[in-house]
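Dumped upload01.pdb below, it's PDB, C-alpha atoms, pLDDT in the B column:
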```pdb
ATOM      1  CA  MET G   1     317.243 -69.343 100.948  1.00 40.00           C
ATOM      2  CA  ILE G   2     319.326 -69.933 104.074  1.00 43.00           C
ATOM      3  CA  SER G   3     317.134 -72.669 105.565  1.00 44.00           C
ATOM      4  CA  ALA G   4     313.579 -73.855 105.876  1.00 46.00           C
ATOM      5  CA  PHE G   5     313.187 -71.525 108.869  1.00 54.00           C
ATOM      6  CA  PHE G   6     314.731 -68.257 109.837  1.00 57.00           C
ATOM      7  CA  GLU G   7     313.482 -65.340 111.857  1.00 62.00           C
ATOM      8  CA  GLU G   8     315.049 -61.919 112.072  1.00 64.00           C
ATOM      9  CA  THR G   9     314.128 -59.152 114.483  1.00 63.00           C
ATOM     10  CA  MET G  10     315.429 -55.638 115.057  1.00 62.00           C
ATOM     11  CA  ALA G  11     314.015 -54.632 118.443  1.00 60.00           C
ATOM     12  CA  PRO G  12     315.626 -54.013 120.780  1.00 72.00           C
ATOM     13  CA  ALA G  13     318.725 -55.139 118.834  1.00 81.00           C
ATOM     14  CA  PRO G  14     319.403 -57.161 115.667  1.00 90.00           C
ATOM     15  CA  ARG G  15     318.797 -60.914 116.072  1.00 94.00           C
ATOM     16  CA  LEU G  16     318.621 -63.758 113.563  1.00 96.00           C
ATOM     17  CA  SER G  17     317.512 -67.290 114.410  1.00 97.00           C
ATOM     18  CA  LEU G  18     317.781 -70.118 111.909  1.00 97.00           C
ATOM     19  CA  ARG G  19     317.577 -73.869 111.679  1.00 97.00           C
ATOM     20  CA  VAL G  20     320.155 -75.695 109.615  1.00 97.00           C
ATOM     21  CA  PRO G  21     320.520 -79.399 108.863  1.00 96.00           C
ATOM     22  CA  GLY G  22     323.160 -81.320 110.797  1.00 96.00           C
ATOM     23  CA  SER G  23     325.369 -81.642 107.731  1.00 95.00           C
ATOM     24  CA  THR G  24     328.331 -79.950 106.078  1.00 95.00           C
ATOM     25  CA  SER G  25     325.880 -78.017 103.901  1.00 95.00           C
ATOM     26  CA  GLY G  26     324.150 -76.854 107.101  1.00 96.00           C
ATOM     27  CA  VAL G  27     327.482 -75.638 108.461  1.00 97.00           C
ATOM     28  CA  ARG G  28     328.044 -73.683 105.243  1.00 97.00           C
ATOM     29  CA  ARG G  29     324.532 -72.199 105.408  1.00 97.00           C
ATOM     30  CA  ALA G  30     325.108 -71.002 108.969  1.00 98.00           C
ATOM     31  CA  ILE G  31     328.429 -69.361 108.060  1.00 97.00           C
ATOM     32  CA  ASP G  32     326.807 -67.672 105.040  1.00 97.00           C
ATOM     33  CA  ALA G  33     323.982 -66.462 107.303  1.00 97.00           C
ATOM     34  CA  LEU G  34     326.550 -65.078 109.764  1.00 97.00           C
ATOM     35  CA  ASP G  35     328.303 -63.149 106.990  1.00 95.00           C
ATOM     36  CA  ALA G  36     324.986 -61.783 105.667  1.00 96.00           C
ATOM     37  CA  PHE G  37     323.755 -60.804 109.153  1.00 95.00           C
ATOM     38  CA  VAL G  38     326.969 -58.959 109.987  1.00 93.00           C
ATOM     39  CA  ALA G  39     326.936 -57.127 106.637  1.00 92.00           C
ATOM     40  CA  ARG G  40     323.214 -56.272 106.755  1.00 93.00           C
ATOM     41  CA  HIS G  41     323.465 -54.694 110.211  1.00 90.00           C
ATOM     42  CA  GLY G  42     326.799 -52.927 109.745  1.00 87.00           C
ATOM     43  CA  ILE G  43     328.522 -54.980 112.408  1.00 86.00           C
ATOM     44  CA  VAL G  44     332.236 -54.415 111.999  1.00 76.00           C
ATOM     45  CA  LEU G  45     334.344 -57.209 113.443  1.00 75.00           C
ATOM     46  CA  ARG G  46     338.068 -56.483 113.639  1.00 71.00           C
ATOM     47  CA  ALA G  47     338.818 -60.163 113.075  1.00 78.00           C
ATOM     48  CA  PRO G  48     335.652 -61.706 111.601  1.00 83.00           C
ATOM     49  CA  TRP G  49     337.506 -64.930 110.843  1.00 89.00           C
ATOM     50  CA  GLN G  50     337.608 -65.652 114.592  1.00 93.00           C
ATOM     51  CA  VAL G  51     333.821 -65.766 114.943  1.00 95.00           C
ATOM     52  CA  ARG G  52     333.481 -67.659 111.645  1.00 96.00           C
ATOM     53  CA  LEU G  53     336.104 -70.214 112.720  1.00 96.00           C
ATOM     54  CA  ALA G  54     334.511 -70.704 116.152  1.00 97.00           C
ATOM     55  CA  LEU G  55     331.104 -71.233 114.509  1.00 98.00           C
ATOM     56  CA  ASP G  56     332.531 -73.613 111.895  1.00 97.00           C
ATOM     57  CA  GLU G  57     334.415 -75.660 114.496  1.00 95.00           C
ATOM     58  CA  THR G  58     331.439 -75.919 116.845  1.00 97.00           C
ATOM     59  CA  LEU G  59     328.942 -76.892 114.141  1.00 97.00           C
ATOM     60  CA  SER G  60     331.375 -79.336 112.525  1.00 95.00           C
ATOM     61  CA  ASN G  61     331.838 -81.071 115.884  1.00 94.00           C
ATOM     62  CA  ILE G  62     328.068 -81.381 116.298  1.00 96.00           C
ATOM     63  CA  VAL G  63     327.710 -82.851 112.803  1.00 96.00           C
ATOM     64  CA  LYS G  64     330.578 -85.305 113.279  1.00 93.00           C
ATOM     65  CA  HIS G  65     330.257 -86.327 116.923  1.00 91.00           C
ATOM     66  CA  ALA G  66     326.713 -85.591 118.119  1.00 93.00           C
ATOM     67  CA  TYR G  67     324.688 -86.306 114.988  1.00 94.00           C
ATOM     68  CA  ARG G  68     327.100 -88.843 113.444  1.00 89.00           C
ATOM     69  CA  GLY G  69     325.838 -88.468 109.901  1.00 78.00           C
ATOM     70  CA  ARG G  70     322.131 -88.091 110.749  1.00 83.00           C
ATOM     71  CA  THR G  71     321.574 -85.148 108.400  1.00 77.00           C
ATOM     72  CA  HIS G  72     317.861 -84.920 109.227  1.00 85.00           C
ATOM     73  CA  ASP G  73     318.762 -83.637 112.724  1.00 94.00           C
ATOM     74  CA  ILE G  74     318.526 -79.862 113.046  1.00 97.00           C
ATOM     75  CA  ILE G  75     320.898 -77.361 114.646  1.00 97.00           C
ATOM     76  CA  LEU G  76     319.430 -74.093 115.920  1.00 98.00           C
ATOM     77  CA  VAL G  77     321.702 -71.059 115.492  1.00 98.00           C
ATOM     78  CA  THR G  78     321.042 -67.518 116.694  1.00 97.00           C
ATOM     79  CA  PHE G  79     323.131 -64.411 116.033  1.00 97.00           C
ATOM     80  CA  ALA G  80     322.449 -61.378 118.202  1.00 95.00           C
ATOM     81  CA  VAL G  81     323.871 -58.163 119.517  1.00 92.00           C
ATOM     82  CA  VAL G  82     323.154 -58.134 123.240  1.00 89.00           C
ATOM     83  CA  GLY G  83     324.479 -55.712 125.830  1.00 82.00           C
ATOM     84  CA  GLY G  84     327.646 -54.739 123.964  1.00 83.00           C
ATOM     85  CA  GLU G  85     328.386 -58.290 122.886  1.00 90.00           C
ATOM     86  CA  PHE G  86     328.026 -60.156 119.606  1.00 94.00           C
ATOM     87  CA  GLN G  87     326.559 -63.547 120.507  1.00 95.00           C
ATOM     88  CA  VAL G  88     326.251 -66.807 118.657  1.00 97.00           C
ATOM     89  CA  THR G  89     323.971 -69.347 120.349  1.00 98.00           C
ATOM     90  CA  ILE G  90     324.023 -72.927 119.092  1.00 98.00           C
ATOM     91  CA  ALA G  91     321.564 -75.607 120.204  1.00 98.00           C
ATOM     92  CA  ASP G  92     321.527 -79.270 119.192  1.00 97.00           C
ATOM     93  CA  SER G  93     319.600 -82.380 120.203  1.00 96.00           C
ATOM     94  CA  GLY G  94     322.632 -84.654 120.414  1.00 96.00           C
ATOM     95  CA  PRO G  95     323.673 -86.526 123.557  1.00 95.00           C
ATOM     96  CA  ALA G  96     324.534 -84.335 126.541  1.00 96.00           C
ATOM     97  CA  TYR G  97     328.087 -83.076 126.161  1.00 94.00           C
ATOM     98  CA  ASP G  98     329.714 -80.147 127.920  1.00 94.00           C
ATOM     99  CA  PRO G  99     332.746 -79.235 125.792  1.00 91.00           C
ATOM    100  CA  LEU G 100     333.997 -76.936 128.549  1.00 89.00           C
ATOM    101  CA  LYS G 101     334.714 -79.963 130.729  1.00 91.00           C
ATOM    102  CA  ALA G 102     336.969 -81.505 128.088  1.00 82.00           C
ATOM    103  CA  PRO G 103     340.604 -81.534 129.202  1.00 77.00           C
ATOM    104  CA  ALA G 104     342.800 -78.915 127.583  1.00 76.00           C
ATOM    105  CA  PRO G 105     345.142 -80.391 124.984  1.00 69.00           C
ATOM    106  CA  ASP G 106     348.864 -80.336 125.644  1.00 68.00           C
ATOM    107  CA  ILE G 107     349.837 -77.981 122.837  1.00 70.00           C
ATOM    108  CA  GLU G 108     353.473 -78.079 123.933  1.00 68.00           C
ATOM    109  CA  ALA G 109     353.830 -81.852 123.433  1.00 67.00           C
ATOM    110  CA  PRO G 110     355.254 -83.165 120.159  1.00 75.00           C
ATOM    111  CA  LEU G 111     352.531 -84.091 117.654  1.00 70.00           C
ATOM    112  CA  GLU G 112     353.246 -87.816 117.892  1.00 71.00           C
ATOM    113  CA  ALA G 113     352.772 -87.691 121.690  1.00 67.00           C
ATOM    114  CA  ARG G 114     349.443 -85.827 121.655  1.00 65.00           C
ATOM    115  CA  SER G 115     346.073 -87.461 122.165  1.00 67.00           C
ATOM    116  CA  PRO G 116     343.664 -86.839 119.284  1.00 63.00           C
ATOM    117  CA  GLY G 117     340.813 -84.401 119.808  1.00 64.00           C
ATOM    118  CA  GLY G 118     340.182 -81.409 121.995  1.00 65.00           C
ATOM    119  CA  LEU G 119     342.070 -78.865 119.927  1.00 76.00           C
ATOM    120  CA  GLY G 120     338.885 -77.410 118.389  1.00 82.00           C
ATOM    121  CA  VAL G 121     337.273 -76.712 121.764  1.00 89.00           C
ATOM    122  CA  TYR G 122     340.554 -75.182 122.950  1.00 88.00           C
ATOM    123  CA  LEU G 123     340.633 -72.969 119.860  1.00 90.00           C
ATOM    124  CA  VAL G 124     337.019 -71.815 120.289  1.00 93.00           C
ATOM    125  CA  ARG G 125     337.717 -70.864 123.899  1.00 93.00           C
ATOM    126  CA  LYS G 126     340.804 -68.870 122.843  1.00 92.00           C
ATOM    127  CA  LEU G 127     338.989 -67.064 120.001  1.00 93.00           C
ATOM    128  CA  MET G 128     335.908 -66.010 121.961  1.00 95.00           C
ATOM    129  CA  ASP G 129     335.600 -63.761 125.021  1.00 93.00           C
ATOM    130  CA  ARG G 130     332.887 -65.928 126.539  1.00 95.00           C
ATOM    131  CA  VAL G 131     331.834 -69.534 126.058  1.00 96.00           C
ATOM    132  CA  GLU G 132     328.986 -70.975 128.143  1.00 97.00           C
ATOM    133  CA  TYR G 133     327.331 -74.390 128.053  1.00 97.00           C
ATOM    134  CA  SER G 134     323.961 -75.524 129.387  1.00 98.00           C
ATOM    135  CA  ARG G 135     321.604 -78.435 128.826  1.00 97.00           C
ATOM    136  CA  ALA G 136     317.837 -78.030 128.963  1.00 96.00           C
ATOM    137  CA  GLY G 137     314.855 -79.682 127.316  1.00 95.00           C
ATOM    138  CA  GLY G 138     316.998 -82.409 125.746  1.00 95.00           C
ATOM    139  CA  ARG G 139     319.235 -79.844 124.000  1.00 97.00           C
ATOM    140  CA  ASN G 140     322.849 -78.817 124.344  1.00 98.00           C
ATOM    141  CA  ARG G 141     323.181 -75.029 124.260  1.00 98.00           C
ATOM    142  CA  LEU G 142     326.481 -73.246 123.667  1.00 98.00           C
ATOM    143  CA  VAL G 143     326.768 -69.448 123.772  1.00 98.00           C
ATOM    144  CA  LEU G 144     329.803 -67.841 122.141  1.00 97.00           C
ATOM    145  CA  GLY G 145     330.346 -64.152 122.877  1.00 95.00           C
ATOM    146  CA  ARG G 146     332.680 -61.406 121.634  1.00 91.00           C
ATOM    147  CA  ARG G 147     332.702 -57.946 123.230  1.00 84.00           C
ATOM    148  CA  LEU G 148     331.686 -55.038 121.018  1.00 79.00           C
ATOM    149  CA  SER G 149     332.024 -51.295 121.399  1.00 53.00           C
ATOM    150  CA  THR G 150     329.898 -48.808 119.490  1.00 50.00           C
ATOM    151  CA  ARG G 151     331.434 -46.423 117.039  1.00 53.00           C
ATOM    152  CA  ARG G 152     329.628 -43.948 114.818  1.00 44.00           C
ATOM    153  CA  GLY G 153     330.797 -42.803 111.437  1.00 39.00           C
ATOM    154  CA  ALA G 154     329.350 -41.532 108.165  1.00 31.00           C
ATOM    155  CA  GLY G 155     325.849 -41.489 109.656  1.00 32.00           C
ATOM    156  CA  THR G 156     325.773 -45.263 110.065  1.00 34.00           C
ATOM    157  CA  ARG G 157     325.738 -47.083 113.368  1.00 39.00           C
ATOM    158  CA  LYS G 158     328.702 -49.419 113.453  1.00 43.00           C
ATOM    159  CA  LEU G 159     329.635 -51.976 116.040  1.00 43.00           C
ATOM    160  CA  ARG G 160     333.332 -52.560 116.472  1.00 45.00           C
ATOM    161  CA  GLN G 161     334.815 -55.579 118.159  1.00 44.00           C
ATOM    162  CA  SER G 162     337.179 -55.001 121.054  1.00 44.00           C
ATOM    163  CA  SER G 163     340.290 -57.099 121.301  1.00 44.00           C
TER
END
```

Translate the structure of the given file into structure tokens.
Amino acid sequence: MISAFFEETMAPAPRLSLRVPGSTSGVRRAIDALDAFVARHGIVLRAPWQVRLALDETLSNIVKHAYRGRTHDIILVTFAVVGGEFQVTIADSGPAYDPLKAPAPDIEAPLEARSPGGLGVYLVRKLMDRVEYSRAGGRNRLVLGRRLSTRRGAGTRKLRQSS
């Protein structure tokens, strides 16, 4: 079982919502759910590692920085195909934090001269086509999006990621 709660719908497009614990095992469960969702619905991602890495990085940051070891806190994760885009929506109840306002790291500076932190957010922004943050109802909400284009073959509807 992926988590204590998950809900999957097909109309008008595939969507899976799940709740995972704010722990490393919760991160793993969400990544496994992503892989299963993509496989079950025939979603073909040219570089699936990019979406997996963005999800892993985002959830790991929530576990480490927002929840700080409180594994009873829940992270809500939704995977969906919406309007030609594969979307991952992540919501947590940690303190308000807009990662898009974090300063970009100086990736040209020598390692010993760099300030710690910020590289994960930078990486997520580079890997995804769209990253949006909002705060409502005491929850941080981050939407990660990758453009998709439809492609048909062998009688199966496939979704192919654009670069």

Exercise on segment 44-55 of chain G, axis-aligned box with 4 Å per side, report centre and edge lengths in Å to one decimal, as JSON:
```
{"center_x": 335.0, "center_y": -62.8, "center_z": 113.5, "size_x": 15.7, "size_y": 24.8, "size_z": 13.3}
```

**Asked** On this structure, which residues satisfy the PyMOL selection byres ((chain G and resi 33) around 12), written as a ChimeraX atom specification?
**Response** /G:1-3,6-8,15-20,26-32,34-40,52,55,77-79,88

**Prompt:** Mind pulling up the distance from atom CA of Asp92 of chain G to atom CA of Arg46 of chain G?
**Reply:** 28.7 Å

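The nearest approach to Tyr97 of chain G among the residues G:Gly138, G:Gly42, G:Pro110, G:Pro48, with all atoms listed in the file taken into account, belongs to G:Gly138.
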
**Asked** Closest to His41 of chain G among G:Gly83, G:Gly145, G:Pro14, G:Gly22, using only C-alpha atoms?
**Response** G:Pro14

**Prompt:** Residues at most 7 Å from Ala66 of chain G, counting all atoms listed in the file, excluding those fewer than 3 positions away in the same chain, as an NGL selection string?
**Reply:** :G and (62-63 or 94-95)

**Complete:** From the list G:Val81, G:Leu45, G:Val121, G:Gln87, the nearest residue to Leu144 of chain G using all atoms listed in the file is G:Gln87

**Asked** How many Å lie between atom CA of Glu132 of chain G and atom CA of Lys101 of chain G, rounded to one decimal?
**Response** 11.0 Å

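With atom CA of Leu100 of chain G on one side and atom CA of Lys64 of chain G on the other, the separation reads 17.7 Å.
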
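Proximity ranking of G:Phe86, G:Asn140, G:Ala13, G:Thr58 relative to Gly120 of chain G places G:Thr58 first, based on all atoms listed in the file.
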
**Request:** Would you kindly return, as number ranges by chain, each protein, DNA or RNA residue with an atom no farther than 9 Å from any atom of Leu127 of chain G, considering all atoms listed in the file and excluding same-chain residues fewer than 4 positions away?
**Result:** G: 50-51, 53-54, 122-123, 146

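With distances taken over all atoms listed in the file, G:Ser93 is the one residue among G:Ser93, G:Val44, G:Arg125, G:Pro103 lying closest to Ile74 of chain G.
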
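When the PyMOL selection byres ((chain G and resi 142) around 7) is evaluated on the file shown here, the picked residues come out as Thr89, Ile90, Ala91, Val131, Glu132, Tyr133, Ser134, Asn140, Arg141, Val143 and Leu144 of chain G.
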
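Here the question is which of G:Ile107, G:Pro12, G:Arg135, G:Val124 gets nearest to Leu59 of chain G using all atoms listed in the file, and that residue is G:Val124.
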
Where atoms are absent from segment 18-52 of chain G, fill them in so it carries N, CA and C atoms, then output it as an mmCIF file, in the coordinates of the input.
```
data_model
loop_
_atom_site.group_PDB
_atom_site.id
_atom_site.type_symbol
_atom_site.label_atom_id
_atom_site.label_comp_id
_atom_site.auth_asym_id
_atom_site.auth_seq_id
_atom_site.Cartn_x
_atom_site.Cartn_y
_atom_site.Cartn_z
ATOM 1 N N LEU G 18 317.986 -69.234 113.047
ATOM 2 C CA LEU G 18 317.781 -70.118 111.909
ATOM 3 C C LEU G 18 317.979 -71.566 112.317
ATOM 4 N N ARG G 19 317.434 -72.425 111.511
ATOM 5 C CA ARG G 19 317.577 -73.869 111.679
ATOM 6 C C ARG G 19 318.328 -74.384 110.468
ATOM 7 N N VAL G 20 319.393 -75.122 110.724
ATOM 8 C CA VAL G 20 320.155 -75.695 109.615
ATOM 9 C C VAL G 20 320.257 -77.200 109.819
ATOM 10 N N PRO G 21 320.363 -77.947 108.725
ATOM 11 C CA PRO G 21 320.520 -79.399 108.863
ATOM 12 C C PRO G 21 321.871 -79.736 109.479
ATOM 13 N N GLY G 22 321.918 -80.851 110.182
ATOM 14 C CA GLY G 22 323.160 -81.320 110.797
ATOM 15 C C GLY G 22 324.059 -81.969 109.760
ATOM 16 N N SER G 23 324.546 -81.163 108.840
ATOM 17 C CA SER G 23 325.369 -81.642 107.731
ATOM 18 C C SER G 23 326.392 -80.572 107.371
ATOM 19 N N THR G 24 327.339 -80.938 106.512
ATOM 20 C CA THR G 24 328.331 -79.950 106.078
ATOM 21 C C THR G 24 327.654 -78.808 105.319
ATOM 22 N N SER G 25 326.592 -79.102 104.585
ATOM 23 C CA SER G 25 325.880 -78.017 103.901
ATOM 24 C C SER G 25 325.194 -77.104 104.918
ATOM 25 N N GLY G 26 324.739 -77.662 106.034
ATOM 26 C CA GLY G 26 324.150 -76.854 107.101
ATOM 27 C C GLY G 26 325.178 -75.943 107.742
ATOM 28 N N VAL G 27 326.392 -76.455 107.917
ATOM 29 C CA VAL G 27 327.482 -75.638 108.461
ATOM 30 C C VAL G 27 327.728 -74.458 107.522
ATOM 31 N N ARG G 28 327.811 -74.738 106.238
ATOM 32 C CA ARG G 28 328.044 -73.683 105.243
ATOM 33 C C ARG G 28 326.921 -72.642 105.269
ATOM 34 N N ARG G 29 325.673 -73.112 105.358
ATOM 35 C CA ARG G 29 324.532 -72.199 105.408
ATOM 36 C C ARG G 29 324.618 -71.272 106.613
ATOM 37 N N ALA G 30 325.001 -71.816 107.753
ATOM 38 C CA ALA G 30 325.108 -71.002 108.969
ATOM 39 C C ALA G 30 326.208 -69.956 108.831
ATOM 40 N N ILE G 31 327.331 -70.318 108.250
ATOM 41 C CA ILE G 31 328.429 -69.361 108.060
ATOM 42 C C ILE G 31 328.004 -68.277 107.067
ATOM 43 N N ASP G 32 327.319 -68.660 105.992
ATOM 44 C CA ASP G 32 326.807 -67.672 105.040
ATOM 45 C C ASP G 32 325.809 -66.730 105.715
ATOM 46 N N ALA G 33 324.955 -67.283 106.581
ATOM 47 C CA ALA G 33 323.982 -66.462 107.303
ATOM 48 C C ALA G 33 324.689 -65.493 108.243
ATOM 49 N N LEU G 34 325.755 -65.951 108.898
ATOM 50 C CA LEU G 34 326.550 -65.078 109.764
ATOM 51 C C LEU G 34 327.097 -63.906 108.967
ATOM 52 N N ASP G 35 327.727 -64.199 107.835
ATOM 53 C CA ASP G 35 328.303 -63.149 106.990
ATOM 54 C C ASP G 35 327.226 -62.153 106.541
ATOM 55 N N ALA G 36 326.073 -62.645 106.132
ATOM 56 C CA ALA G 36 324.986 -61.783 105.667
ATOM 57 C C ALA G 36 324.436 -60.930 106.811
ATOM 58 N N PHE G 37 324.275 -61.518 107.982
ATOM 59 C CA PHE G 37 323.755 -60.804 109.153
ATOM 60 C C PHE G 37 324.686 -59.664 109.546
ATOM 61 N N VAL G 38 325.968 -59.970 109.621
ATOM 62 C CA VAL G 38 326.969 -58.959 109.987
ATOM 63 C C VAL G 38 326.968 -57.817 108.966
ATOM 64 N N ALA G 39 326.930 -58.151 107.686
ATOM 65 C CA ALA G 39 326.936 -57.127 106.637
ATOM 66 C C ALA G 39 325.653 -56.293 106.660
ATOM 67 N N ARG G 40 324.508 -56.953 106.798
ATOM 68 C CA ARG G 40 323.214 -56.272 106.755
ATOM 69 C C ARG G 40 323.057 -55.263 107.893
ATOM 70 N N HIS G 41 323.637 -55.559 109.047
ATOM 71 C CA HIS G 41 323.465 -54.694 110.211
ATOM 72 C C HIS G 41 324.677 -53.819 110.496
ATOM 73 N N GLY G 42 325.641 -53.803 109.582
ATOM 74 C CA GLY G 42 326.799 -52.927 109.745
ATOM 75 C C GLY G 42 327.657 -53.275 110.934
ATOM 76 N N ILE G 43 327.707 -54.541 111.286
ATOM 77 C CA ILE G 43 328.522 -54.980 112.408
ATOM 78 C C ILE G 43 329.948 -55.161 111.904
ATOM 79 N N VAL G 44 330.855 -54.363 112.439
ATOM 80 C CA VAL G 44 332.236 -54.415 111.999
ATOM 81 C C VAL G 44 333.032 -55.222 113.018
ATOM 82 N N LEU G 45 333.525 -56.357 112.591
ATOM 83 C CA LEU G 45 334.344 -57.209 113.443
ATOM 84 C C LEU G 45 335.792 -57.031 113.020
ATOM 85 N N ARG G 46 336.654 -56.687 113.956
ATOM 86 C CA ARG G 46 338.068 -56.483 113.639
ATOM 87 C C ARG G 46 338.688 -57.748 113.062
ATOM 88 N N ALA G 47 338.304 -58.878 113.572
ATOM 89 C CA ALA G 47 338.818 -60.163 113.075
ATOM 90 C C ALA G 47 337.632 -61.100 112.866
ATOM 91 N N PRO G 48 336.849 -60.885 111.804
ATOM 92 C CA PRO G 48 335.652 -61.706 111.601
ATOM 93 C C PRO G 48 335.953 -63.184 111.445
ATOM 94 N N TRP G 49 337.147 -63.529 111.009
ATOM 95 C CA TRP G 49 337.506 -64.930 110.843
ATOM 96 C C TRP G 49 337.441 -65.677 112.176
ATOM 97 N N GLN G 50 337.643 -64.980 113.289
ATOM 98 C CA GLN G 50 337.608 -65.652 114.592
ATOM 99 C C GLN G 50 336.210 -66.170 114.913
ATOM 100 N N VAL G 51 335.204 -65.343 114.685
ATOM 101 C CA VAL G 51 333.821 -65.766 114.943
ATOM 102 C C VAL G 51 333.419 -66.843 113.943
ATOM 103 N N ARG G 52 333.797 -66.663 112.677
ATOM 104 C CA ARG G 52 333.481 -67.659 111.645
ATOM 105 C C ARG G 52 334.125 -69.009 111.979
#
```
